[in-house]
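One file, coords.cif, carrying mmCIF, C-alpha atoms:
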data_structure
#
loop_
_atom_site.label_atom_id
_atom_site.label_comp_id
_atom_site.auth_asym_id
_atom_site.auth_seq_id
_atom_site.Cartn_x
_atom_site.Cartn_y
_atom_site.Cartn_z
CA MET Q 1 119.63 122.23 88.40
CA GLY Q 2 116.56 123.76 90.06
CA THR Q 3 115.74 124.06 93.73
CA LYS Q 4 117.66 122.29 96.44
CA SER Q 5 116.16 119.34 98.23
CA VAL Q 6 115.37 120.02 101.86
CA GLY Q 7 114.21 116.51 102.70
CA GLY Q 8 115.33 113.01 102.01
CA LEU Q 9 119.01 112.26 101.85
CA SER Q 10 119.85 115.98 101.87
CA SER Q 11 118.49 116.36 105.40
CA LEU Q 12 121.06 113.82 106.58
CA LEU Q 13 123.86 115.63 104.76
CA SER Q 14 122.87 119.13 105.90
CA PRO Q 15 125.18 119.07 108.97
CA PHE Q 16 128.06 118.81 106.46
CA ASN Q 17 126.70 121.78 104.46
CA ILE Q 18 125.92 119.48 101.53
CA MET Q 19 122.68 120.24 99.72
CA LEU Q 20 121.51 118.25 96.72
CA SER Q 21 118.98 119.12 94.08
CA PRO Q 22 115.88 116.89 94.27
CA MET Q 23 117.03 115.01 91.18
CA TYR Q 24 120.51 114.27 92.54
CA ASN Q 25 119.03 113.47 95.94
CA ASN Q 26 116.89 110.74 94.40
CA VAL Q 27 119.63 109.42 92.12
CA PHE Q 28 122.07 109.07 95.02
CA SER Q 29 119.36 107.47 97.15
CA ALA Q 30 118.78 104.91 94.40
CA ILE Q 31 122.52 104.22 94.30
CA LEU Q 32 122.40 103.56 98.05
CA THR Q 33 119.72 100.91 97.48
CA ILE Q 34 121.92 99.28 94.84
CA LEU Q 35 124.88 99.18 97.23
CA TYR Q 36 122.58 97.77 99.90
CA VAL Q 37 121.47 94.90 97.67
CA LYS Q 38 125.02 94.15 96.53
CA THR Q 39 126.02 93.86 100.18
CA VAL Q 40 123.02 91.66 100.95
CA MET Q 41 123.82 89.25 98.13
CA GLU Q 42 127.45 88.97 99.23
CA LEU Q 43 126.36 88.24 102.79
CA ALA Q 44 123.84 85.66 101.54
CA HIS Q 45 126.65 83.91 99.67
CA PHE Q 46 128.80 83.96 102.83
CA ILE Q 47 125.94 82.50 104.92
CA ARG Q 48 125.33 79.72 102.41
CA VAL Q 49 129.01 78.78 102.24
CA LYS Q 50 129.69 79.03 105.98
CA TYR Q 51 126.60 77.32 107.37
CA LYS Q 52 125.77 75.00 104.45
CA VAL Q 53 122.04 75.67 104.98
CA ILE Q 54 120.40 77.07 101.85
CA GLU Q 55 117.23 78.04 103.68
CA LEU Q 56 119.17 80.45 105.91
CA SER Q 57 120.59 82.37 102.94
CA ARG Q 58 117.16 82.40 101.24
CA LYS Q 59 115.44 83.82 104.29
CA PHE Q 60 118.20 86.37 104.85
CA VAL Q 61 117.61 87.70 101.34
CA HIS Q 62 113.84 87.62 101.99
CA LEU Q 63 114.14 89.79 105.11
CA ALA Q 64 116.56 92.19 103.44
CA ALA Q 65 114.17 92.59 100.49
CA CYS Q 66 111.24 93.42 102.80
CA SER Q 67 113.37 96.06 104.44
CA PHE Q 68 113.86 98.13 101.30
CA VAL Q 69 111.19 100.42 102.75
CA ILE Q 70 113.70 101.87 105.21
CA PHE Q 71 115.21 103.74 102.24
CA TRP Q 72 111.94 105.51 101.42
CA PRO Q 73 112.68 108.54 103.65
CA PHE Q 74 115.92 109.14 101.70
CA PHE Q 75 113.95 110.03 98.56
CA ASP Q 76 112.49 113.47 97.92
CA SER Q 77 108.79 112.98 97.19
CA ASN Q 78 108.56 116.51 95.71
CA HIS Q 79 110.41 115.27 92.61
CA TRP Q 80 109.30 112.52 90.23
CA GLY Q 81 112.61 110.75 90.93
CA TRP Q 82 111.21 109.22 94.13
CA ARG Q 83 110.05 106.43 91.81
CA LEU Q 84 113.69 105.37 91.60
CA ASN Q 85 113.07 103.61 94.90
CA ILE Q 86 112.07 100.60 92.77
CA THR Q 87 115.30 100.59 90.74
CA VAL Q 88 116.62 97.44 92.40
CA PRO Q 89 113.38 95.38 92.47
CA TRP Q 90 112.66 96.27 88.83
CA VAL Q 91 116.13 95.17 87.70
CA MET Q 92 115.95 92.08 89.90
CA SER Q 93 112.56 91.14 88.41
CA LEU Q 94 114.06 91.14 84.91
CA ARG Q 95 117.10 89.26 86.20
CA LEU Q 96 115.00 86.57 87.87
CA LEU Q 97 112.84 86.15 84.77
CA TYR Q 98 115.94 85.72 82.62
CA LYS Q 99 117.69 83.30 84.96
CA GLY Q 100 114.59 81.32 85.86
CA ALA Q 101 112.93 81.08 82.45
CA ILE Q 102 115.74 81.45 79.91
CA LEU Q 103 119.22 80.80 81.32
CA LYS Q 104 118.13 77.94 83.64
CA ASP Q 105 121.61 77.39 85.08
CA PRO Q 106 121.42 75.44 88.37
CA GLU Q 107 124.94 76.59 89.23
CA ASP Q 108 124.10 80.29 88.94
CA GLU Q 109 124.79 82.20 92.16
CA ASP Q 110 121.28 83.65 92.38
CA VAL Q 111 119.76 80.20 91.90
CA ARG Q 112 121.93 78.74 94.63
CA SER Q 113 121.20 81.62 97.05
CA MET Q 114 117.45 81.98 96.49
CA SER Q 115 116.16 78.48 95.73
CA ARG Q 116 115.62 75.48 97.98
CA THR Q 117 116.61 72.78 95.51
CA SER Q 118 118.92 74.64 93.08
CA SER Q 119 116.12 74.56 90.51
CA PRO Q 120 116.15 77.74 88.37
CA SER Q 121 112.35 77.62 88.03
CA GLU Q 122 112.05 78.37 91.77
CA LEU Q 123 113.19 81.92 91.03
CA LEU Q 124 109.88 82.45 89.23
CA TYR Q 125 107.83 81.86 92.38
CA GLY Q 126 108.77 83.34 95.78
CA PRO Q 127 111.73 85.53 94.67
CA LEU Q 128 109.97 86.96 91.60
CA GLN Q 129 106.76 87.53 93.54
CA MET Q 130 108.76 89.43 96.14
CA THR Q 131 110.43 91.77 93.63
CA LEU Q 132 107.16 92.43 91.80
CA ILE Q 133 105.43 93.21 95.10
CA MET Q 134 108.27 95.61 95.92
CA CYS Q 135 107.76 97.33 92.55
CA TYR Q 136 104.01 97.62 93.13
CA VAL Q 137 104.36 98.88 96.69
CA GLY Q 138 107.20 101.26 95.80
CA LEU Q 139 105.18 102.89 93.01
CA THR Q 140 101.65 102.91 94.41
CA LYS Q 141 102.05 102.71 98.21
CA TYR Q 142 105.22 104.74 98.69
CA MET Q 143 105.41 106.29 102.20
CA THR Q 144 101.95 105.03 103.13
CA ASN Q 145 100.51 103.05 105.99
CA THR Q 146 99.36 100.36 103.53
CA GLY Q 147 102.83 99.98 102.03
CA VAL Q 148 104.35 99.48 105.46
CA ILE Q 149 101.72 96.87 106.42
CA ILE Q 150 102.18 94.86 103.21
CA MET Q 151 105.94 94.66 103.60
CA ALA Q 152 105.65 93.95 107.34
CA SER Q 153 103.47 90.91 106.62
CA LEU Q 154 106.37 89.52 104.59
CA VAL Q 155 108.55 89.92 107.66
CA GLY Q 156 105.99 87.77 109.43
CA ASP Q 157 106.27 85.21 106.63
CA TRP Q 158 110.05 85.24 107.11
CA LEU Q 159 109.87 84.73 110.87
CA ALA Q 160 107.26 81.97 110.48
CA ALA Q 161 109.69 80.00 108.32
CA ILE Q 162 112.66 80.57 110.64
CA VAL Q 163 110.78 79.67 113.83
CA GLY Q 164 109.04 76.73 112.20
CA LEU Q 165 112.32 75.38 110.84
CA GLN Q 166 114.21 75.69 114.10
CA TYR Q 167 111.58 75.14 116.78
CA GLY Q 168 108.43 73.79 115.12
CA LYS Q 169 107.11 70.78 117.06
CA PHE Q 170 103.33 71.10 116.91
CA LYS Q 171 102.61 70.43 113.24
CA TYR Q 172 99.41 70.74 111.27
CA ASN Q 173 98.49 70.39 107.60
CA VAL Q 174 96.35 72.64 105.46
CA PRO Q 175 95.15 71.41 102.03
CA LEU Q 176 97.23 72.86 99.14
CA SER Q 177 99.47 74.66 101.64
CA GLY Q 178 101.58 71.91 103.15
CA GLU Q 179 102.88 71.28 106.62
CA LYS Q 180 102.95 74.19 109.06
CA SER Q 181 103.73 74.52 112.75
CA LEU Q 182 101.94 76.30 115.56
CA GLU Q 183 105.24 77.92 116.59
CA GLY Q 184 105.71 79.27 113.07
CA THR Q 185 102.19 80.69 113.03
CA VAL Q 186 102.84 82.54 116.28
CA GLY Q 187 106.14 83.72 114.81
CA CYS Q 188 104.24 85.16 111.84
CA ILE Q 189 102.05 87.22 114.17
CA ILE Q 190 105.04 88.55 116.08
CA GLY Q 191 107.08 89.19 112.95
CA THR Q 192 104.28 91.15 111.30
CA MET Q 193 103.75 93.28 114.39
CA CYS Q 194 107.47 93.98 114.78
CA GLY Q 195 107.74 94.78 111.07
CA ILE Q 196 104.88 97.29 111.25
CA TRP Q 197 106.40 98.96 114.31
CA PHE Q 198 109.92 99.14 112.89
CA TYR Q 199 109.04 100.22 109.35
CA SER Q 200 106.52 102.82 110.52
CA TYR Q 201 109.11 104.18 112.94
CA MET Q 202 111.82 104.35 110.28
CA CYS Q 203 109.48 106.04 107.79
CA ASP Q 204 107.80 108.24 110.42
CA ILE Q 205 104.38 106.90 109.45
CA GLU Q 206 101.68 106.66 112.10
CA VAL Q 207 99.74 103.40 112.37
CA GLU Q 208 96.24 104.21 113.61
CA GLY Q 209 94.91 101.97 116.33
CA GLY Q 210 98.17 101.17 118.11
CA TRP Q 211 98.92 97.65 119.33
CA LEU Q 212 95.36 96.37 118.87
CA ILE Q 213 95.31 96.96 115.14
CA MET Q 214 98.90 95.69 114.78
CA LEU Q 215 97.84 92.48 116.53
CA SER Q 216 94.90 92.21 114.15
CA TYR Q 217 97.20 92.59 111.13
CA GLY Q 218 99.50 89.99 112.65
CA CYS Q 219 96.67 87.49 113.07
CA ILE Q 220 95.42 88.07 109.52
CA SER Q 221 98.89 87.58 108.06
CA ALA Q 222 99.34 84.38 110.10
CA VAL Q 223 96.05 82.92 108.81
CA VAL Q 224 96.90 83.79 105.20
CA GLU Q 225 100.46 82.46 105.51
CA ALA Q 226 99.21 79.20 107.00
CA THR Q 227 96.51 78.61 104.38
CA SER Q 228 98.07 79.99 101.19
CA ILE Q 229 98.60 77.75 98.20
CA LYS Q 230 102.21 76.57 98.20
CA ASN Q 231 104.61 78.96 96.41
CA TRP Q 232 101.98 81.71 96.25
CA ASP Q 233 102.06 82.93 99.84
CA ASN Q 234 103.93 86.18 99.09
CA LEU Q 235 101.37 87.31 96.53
CA LEU Q 236 98.36 86.26 98.61
CA LEU Q 237 99.79 87.99 101.68
CA ALA Q 238 100.21 91.25 99.76
CA VAL Q 239 96.62 91.12 98.48
CA ALA Q 240 95.16 90.23 101.87
CA MET Q 241 97.10 92.91 103.71
CA GLU Q 242 96.15 95.66 101.27
CA ILE Q 243 92.49 94.76 101.66
CA SER Q 244 92.91 94.66 105.44
CA ALA Q 245 94.71 98.01 105.54
CA ASN Q 246 91.90 99.60 103.54
CA HIS Q 247 89.05 98.27 105.68
CA LEU Q 248 90.22 97.10 109.10
CA PRO Q 249 90.74 100.58 110.62
CA ASN Q 250 87.05 101.31 109.99
CA TYR Q 251 86.14 98.60 112.49
CA ILE Q 252 88.92 98.96 115.07
CA VAL Q 253 89.76 102.67 115.02
CA ARG Q 254 86.84 104.78 116.18
#
Structure encoded using structure tokens:
Amino acid sequence: MGTKSVGGLSSLLSPFNIMLSPMYNNVFSAILTILYVKTVMELAHFIRVKYKVIELSRKFVHLAACSFVIFWPFFDSNHWGWRLNITVPWVMSLRLLYKGAILKDPEDEDVRSMSRTSSPSELLYGPLQMTLIMCYVGLTKYMTNTGVIIMASLVGDWLAAIVGLQYGKFKYNVPLSGEKSLEGTVGCIIGTMCGIWFYSYMCDIEVEGGWLIMLSYGCISAVVEATSIKNWDNLLLAVAMEISANHLPNYIVR
């Protein structure tokens, strides 16, 4: 089956004298991502049933989706199969399109776990945007600084919603965006910074500029999250953070 993989999942199995070919390494890594998502969806169902708060299960799925980047190091980039890192988001994109645009069953488990109002059409906004962003990042920004920053901004979006929902007292309104809270905006900054630190650490990717540039990314993500057109914040965050990642280091890192 060709040469043995010396990186990725094989490096974790080497203490057990298990070496995989690059192809098998990437196939098994993709299977791990599938098991991860199956576990996440079961936990989301448990959270929704136990706590009776749909927003908690939605945001749990949101955070888990952002964190698919922690599986990147398992794939062997020397073999074309590293592209299998988008197996789950690609399948989920088709699934969300089918359930949101064709099936339209308000009692469907995905609809109940990932929508606010049990409306199937909601799957075509935030959830579908998320999976398409994951596909784009996984194919074009795999194991890059930019990929980490984009997904970390979505962690900020997640924390903004959680903090705003639980602790938001100082409210403000932005045209076309809806009501936001100052606490949620601060949460977005912190969440983005923590996401960049954690994902870069897990993927062994250096973020140039240290805490100053991470704070800058956090502030940018907070402004975009607070001013984005309702239901389009995920997409606008991804676009803004890619532009920022391409240009901001030129001004901050000398």
Hey, which of Q:Glu183, Q:Glu242, Q:Asp233, Q:Asp110 ends up closest to Q:Val40? Count only C-alpha atoms. Q:Asp110
All residues 7 Å or closer to Q:Phe170, all atoms listed in the file, same chain fewer than 2 positions away omitted, as a CSV table (one decimal) with C-alpha atoms, keeping the file's coordinate frame:
chain,number,residue,atom,x,y,z
Q,168,GLY,CA,108.4,73.8,115.1
Q,172,TYR,CA,99.4,70.7,111.3
Q,181,SER,CA,103.7,74.5,112.8
Q,182,LEU,CA,101.9,76.3,115.6
Hey, what's within 8 Å of stretch 193-199 of chain Q if we count all atoms listed in the file and toss same-chain stuff fewer than 5 positions away? As a PyMOL selection string, please? chain Q and resi 67+69-70+148-149+151-153+155-156+214-215+217-218
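Of the listed residues Q:Val137, Q:Gly164, Q:Lys169, Q:Tyr24, the one whose atoms come nearest to Q:Leu235 is Q:Val137, with distances taken using only C-alpha atoms.
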On this file, the PyMOL selection byres ((chain Q and resi 43-54) around 8) gives some set of residues; write that set as a VMD selection string. chain Q and resid 39 to 42 55 to 58 60 to 61 109 112 to 116
Any chance you could model N, CA and C atoms for stretch 123-157 of chain Q and send them as a PDB file, in the frame of the given file?
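Dumped everything to result-v3.pdb:
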ATOM      1  N   LEU Q 123     113.049  80.469  91.041  1.00  0.00           N
ATOM      2  CA  LEU Q 123     113.190  81.920  91.030  1.00  0.00           C
ATOM      3  C   LEU Q 123     111.918  82.600  90.550  1.00  0.00           C
ATOM      4  N   LEU Q 124     111.089  81.871  89.811  1.00  0.00           N
ATOM      5  CA  LEU Q 124     109.880  82.450  89.230  1.00  0.00           C
ATOM      6  C   LEU Q 124     108.710  82.446  90.198  1.00  0.00           C
ATOM      7  N   TYR Q 125     108.898  81.907  91.394  1.00  0.00           N
ATOM      8  CA  TYR Q 125     107.830  81.860  92.380  1.00  0.00           C
ATOM      9  C   TYR Q 125     108.107  82.883  93.494  1.00  0.00           C
ATOM     10  N   GLY Q 126     108.579  82.424  94.649  1.00  0.00           N
ATOM     11  CA  GLY Q 126     108.770  83.340  95.780  1.00  0.00           C
ATOM     12  C   GLY Q 126     109.638  84.548  95.471  1.00  0.00           C
ATOM     13  N   PRO Q 127     110.870  84.364  94.934  1.00  0.00           N
ATOM     14  CA  PRO Q 127     111.730  85.530  94.670  1.00  0.00           C
ATOM     15  C   PRO Q 127     111.126  86.524  93.692  1.00  0.00           C
ATOM     16  N   LEU Q 128     110.557  86.044  92.581  1.00  0.00           N
ATOM     17  CA  LEU Q 128     109.970  86.960  91.600  1.00  0.00           C
ATOM     18  C   LEU Q 128     108.726  87.645  92.169  1.00  0.00           C
ATOM     19  N   GLN Q 129     107.915  86.903  92.897  1.00  0.00           N
ATOM     20  CA  GLN Q 129     106.760  87.530  93.540  1.00  0.00           C
ATOM     21  C   GLN Q 129     107.198  88.658  94.460  1.00  0.00           C
ATOM     22  N   MET Q 130     108.266  88.416  95.213  1.00  0.00           N
ATOM     23  CA  MET Q 130     108.760  89.430  96.140  1.00  0.00           C
ATOM     24  C   MET Q 130     109.169  90.702  95.405  1.00  0.00           C
ATOM     25  N   THR Q 131     109.953  90.571  94.337  1.00  0.00           N
ATOM     26  CA  THR Q 131     110.430  91.770  93.630  1.00  0.00           C
ATOM     27  C   THR Q 131     109.283  92.502  92.945  1.00  0.00           C
ATOM     28  N   LEU Q 132     108.313  91.772  92.426  1.00  0.00           N
ATOM     29  CA  LEU Q 132     107.160  92.430  91.800  1.00  0.00           C
ATOM     30  C   LEU Q 132     106.295  93.147  92.837  1.00  0.00           C
ATOM     31  N   ILE Q 133     106.150  92.551  94.006  1.00  0.00           N
ATOM     32  CA  ILE Q 133     105.430  93.210  95.100  1.00  0.00           C
ATOM     33  C   ILE Q 133     106.158  94.492  95.503  1.00  0.00           C
ATOM     34  N   MET Q 134     107.479  94.417  95.579  1.00  0.00           N
ATOM     35  CA  MET Q 134     108.270  95.610  95.920  1.00  0.00           C
ATOM     36  C   MET Q 134     108.058  96.710  94.885  1.00  0.00           C
ATOM     37  N   CYS Q 135     108.007  96.338  93.599  1.00  0.00           N
ATOM     38  CA  CYS Q 135     107.760  97.330  92.550  1.00  0.00           C
ATOM     39  C   CYS Q 135     106.377  97.967  92.726  1.00  0.00           C
ATOM     40  N   TYR Q 136     105.382  97.122  92.962  1.00  0.00           N
ATOM     41  CA  TYR Q 136     104.010  97.620  93.130  1.00  0.00           C
ATOM     42  C   TYR Q 136     103.900  98.539  94.341  1.00  0.00           C
ATOM     43  N   VAL Q 137     104.441  98.088  95.461  1.00  0.00           N
ATOM     44  CA  VAL Q 137     104.360  98.880  96.690  1.00  0.00           C
ATOM     45  C   VAL Q 137     105.160 100.171  96.544  1.00  0.00           C
ATOM     46  N   GLY Q 138     106.352 100.080  95.947  1.00  0.00           N
ATOM     47  CA  GLY Q 138     107.200 101.260  95.800  1.00  0.00           C
ATOM     48  C   GLY Q 138     106.614 102.328  94.901  1.00  0.00           C
ATOM     49  N   LEU Q 139     105.784 101.920  93.929  1.00  0.00           N
ATOM     50  CA  LEU Q 139     105.180 102.890  93.010  1.00  0.00           C
ATOM     51  C   LEU Q 139     103.828 103.399  93.486  1.00  0.00           C
ATOM     52  N   THR Q 140     103.032 102.528  94.088  1.00  0.00           N
ATOM     53  CA  THR Q 140     101.650 102.910  94.410  1.00  0.00           C
ATOM     54  C   THR Q 140     101.377 103.111  95.895  1.00  0.00           C
ATOM     55  N   LYS Q 141     102.267 102.600  96.763  1.00  0.00           N
ATOM     56  CA  LYS Q 141     102.050 102.710  98.210  1.00  0.00           C
ATOM     57  C   LYS Q 141     103.248 103.348  98.910  1.00  0.00           C
ATOM     58  N   TYR Q 142     104.014 104.098  98.154  1.00  0.00           N
ATOM     59  CA  TYR Q 142     105.220 104.740  98.690  1.00  0.00           C
ATOM     60  C   TYR Q 142     104.870 105.661  99.870  1.00  0.00           C
ATOM     61  N   MET Q 143     105.579 105.475 100.988  1.00  0.00           N
ATOM     62  CA  MET Q 143     105.410 106.290 102.200  1.00  0.00           C
ATOM     63  C   MET Q 143     103.965 106.291 102.699  1.00  0.00           C
ATOM     64  N   THR Q 144     103.314 105.134 102.619  1.00  0.00           N
ATOM     65  CA  THR Q 144     101.950 105.030 103.130  1.00  0.00           C
ATOM     66  C   THR Q 144     101.854 103.936 104.178  1.00  0.00           C
ATOM     67  N   ASN Q 145     100.820 104.043 104.985  1.00  0.00           N
ATOM     68  CA  ASN Q 145     100.510 103.050 105.990  1.00  0.00           C
ATOM     69  C   ASN Q 145     100.342 101.665 105.347  1.00  0.00           C
ATOM     70  N   THR Q 146      99.626 101.624 104.214  1.00  0.00           N
ATOM     71  CA  THR Q 146      99.360 100.360 103.530  1.00  0.00           C
ATOM     72  C   THR Q 146     100.658  99.706 103.043  1.00  0.00           C
ATOM     73  N   GLY Q 147     101.552 100.513 102.498  1.00  0.00           N
ATOM     74  CA  GLY Q 147     102.830  99.980 102.030  1.00  0.00           C
ATOM     75  C   GLY Q 147     103.624  99.347 103.163  1.00  0.00           C
ATOM     76  N   VAL Q 148     103.649 100.003 104.294  1.00  0.00           N
ATOM     77  CA  VAL Q 148     104.350  99.480 105.460  1.00  0.00           C
ATOM     78  C   VAL Q 148     103.732  98.155 105.915  1.00  0.00           C
ATOM     79  N   ILE Q 149     102.414  98.084 105.939  1.00  0.00           N
ATOM     80  CA  ILE Q 149     101.720  96.870 106.420  1.00  0.00           C
ATOM     81  C   ILE Q 149     101.961  95.695 105.476  1.00  0.00           C
ATOM     82  N   ILE Q 150     101.929  95.950 104.168  1.00  0.00           N
ATOM     83  CA  ILE Q 150     102.180  94.860 103.210  1.00  0.00           C
ATOM     84  C   ILE Q 150     103.569  94.283 103.406  1.00  0.00           C
ATOM     85  N   MET Q 151     104.576  95.158 103.479  1.00  0.00           N
ATOM     86  CA  MET Q 151     105.940  94.660 103.600  1.00  0.00           C
ATOM     87  C   MET Q 151     106.183  94.026 104.972  1.00  0.00           C
ATOM     88  N   ALA Q 152     105.505  94.530 105.999  1.00  0.00           N
ATOM     89  CA  ALA Q 152     105.650  93.950 107.340  1.00  0.00           C
ATOM     90  C   ALA Q 152     105.095  92.538 107.394  1.00  0.00           C
ATOM     91  N   SER Q 153     104.031  92.267 106.632  1.00  0.00           N
ATOM     92  CA  SER Q 153     103.470  90.910 106.620  1.00  0.00           C
ATOM     93  C   SER Q 153     104.473  89.920 106.043  1.00  0.00           C
ATOM     94  N   LEU Q 154     105.339  90.388 105.161  1.00  0.00           N
ATOM     95  CA  LEU Q 154     106.370  89.520 104.590  1.00  0.00           C
ATOM     96  C   LEU Q 154     107.494  89.271 105.584  1.00  0.00           C
ATOM     97  N   VAL Q 155     107.652  90.189 106.541  1.00  0.00           N
ATOM     98  CA  VAL Q 155     108.550  89.920 107.660  1.00  0.00           C
ATOM     99  C   VAL Q 155     107.970  88.796 108.504  1.00  0.00           C
ATOM    100  N   GLY Q 156     106.646  88.848 108.702  1.00  0.00           N
ATOM    101  CA  GLY Q 156     105.990  87.770 109.430  1.00  0.00           C
ATOM    102  C   GLY Q 156     106.168  86.431 108.732  1.00  0.00           C
ATOM    103  N   ASP Q 157     106.056  86.431 107.417  1.00  0.00           N
ATOM    104  CA  ASP Q 157     106.270  85.210 106.630  1.00  0.00           C
ATOM    105  C   ASP Q 157     107.687  84.684 106.836  1.00  0.00           C
TER     106      ASP Q 157
END
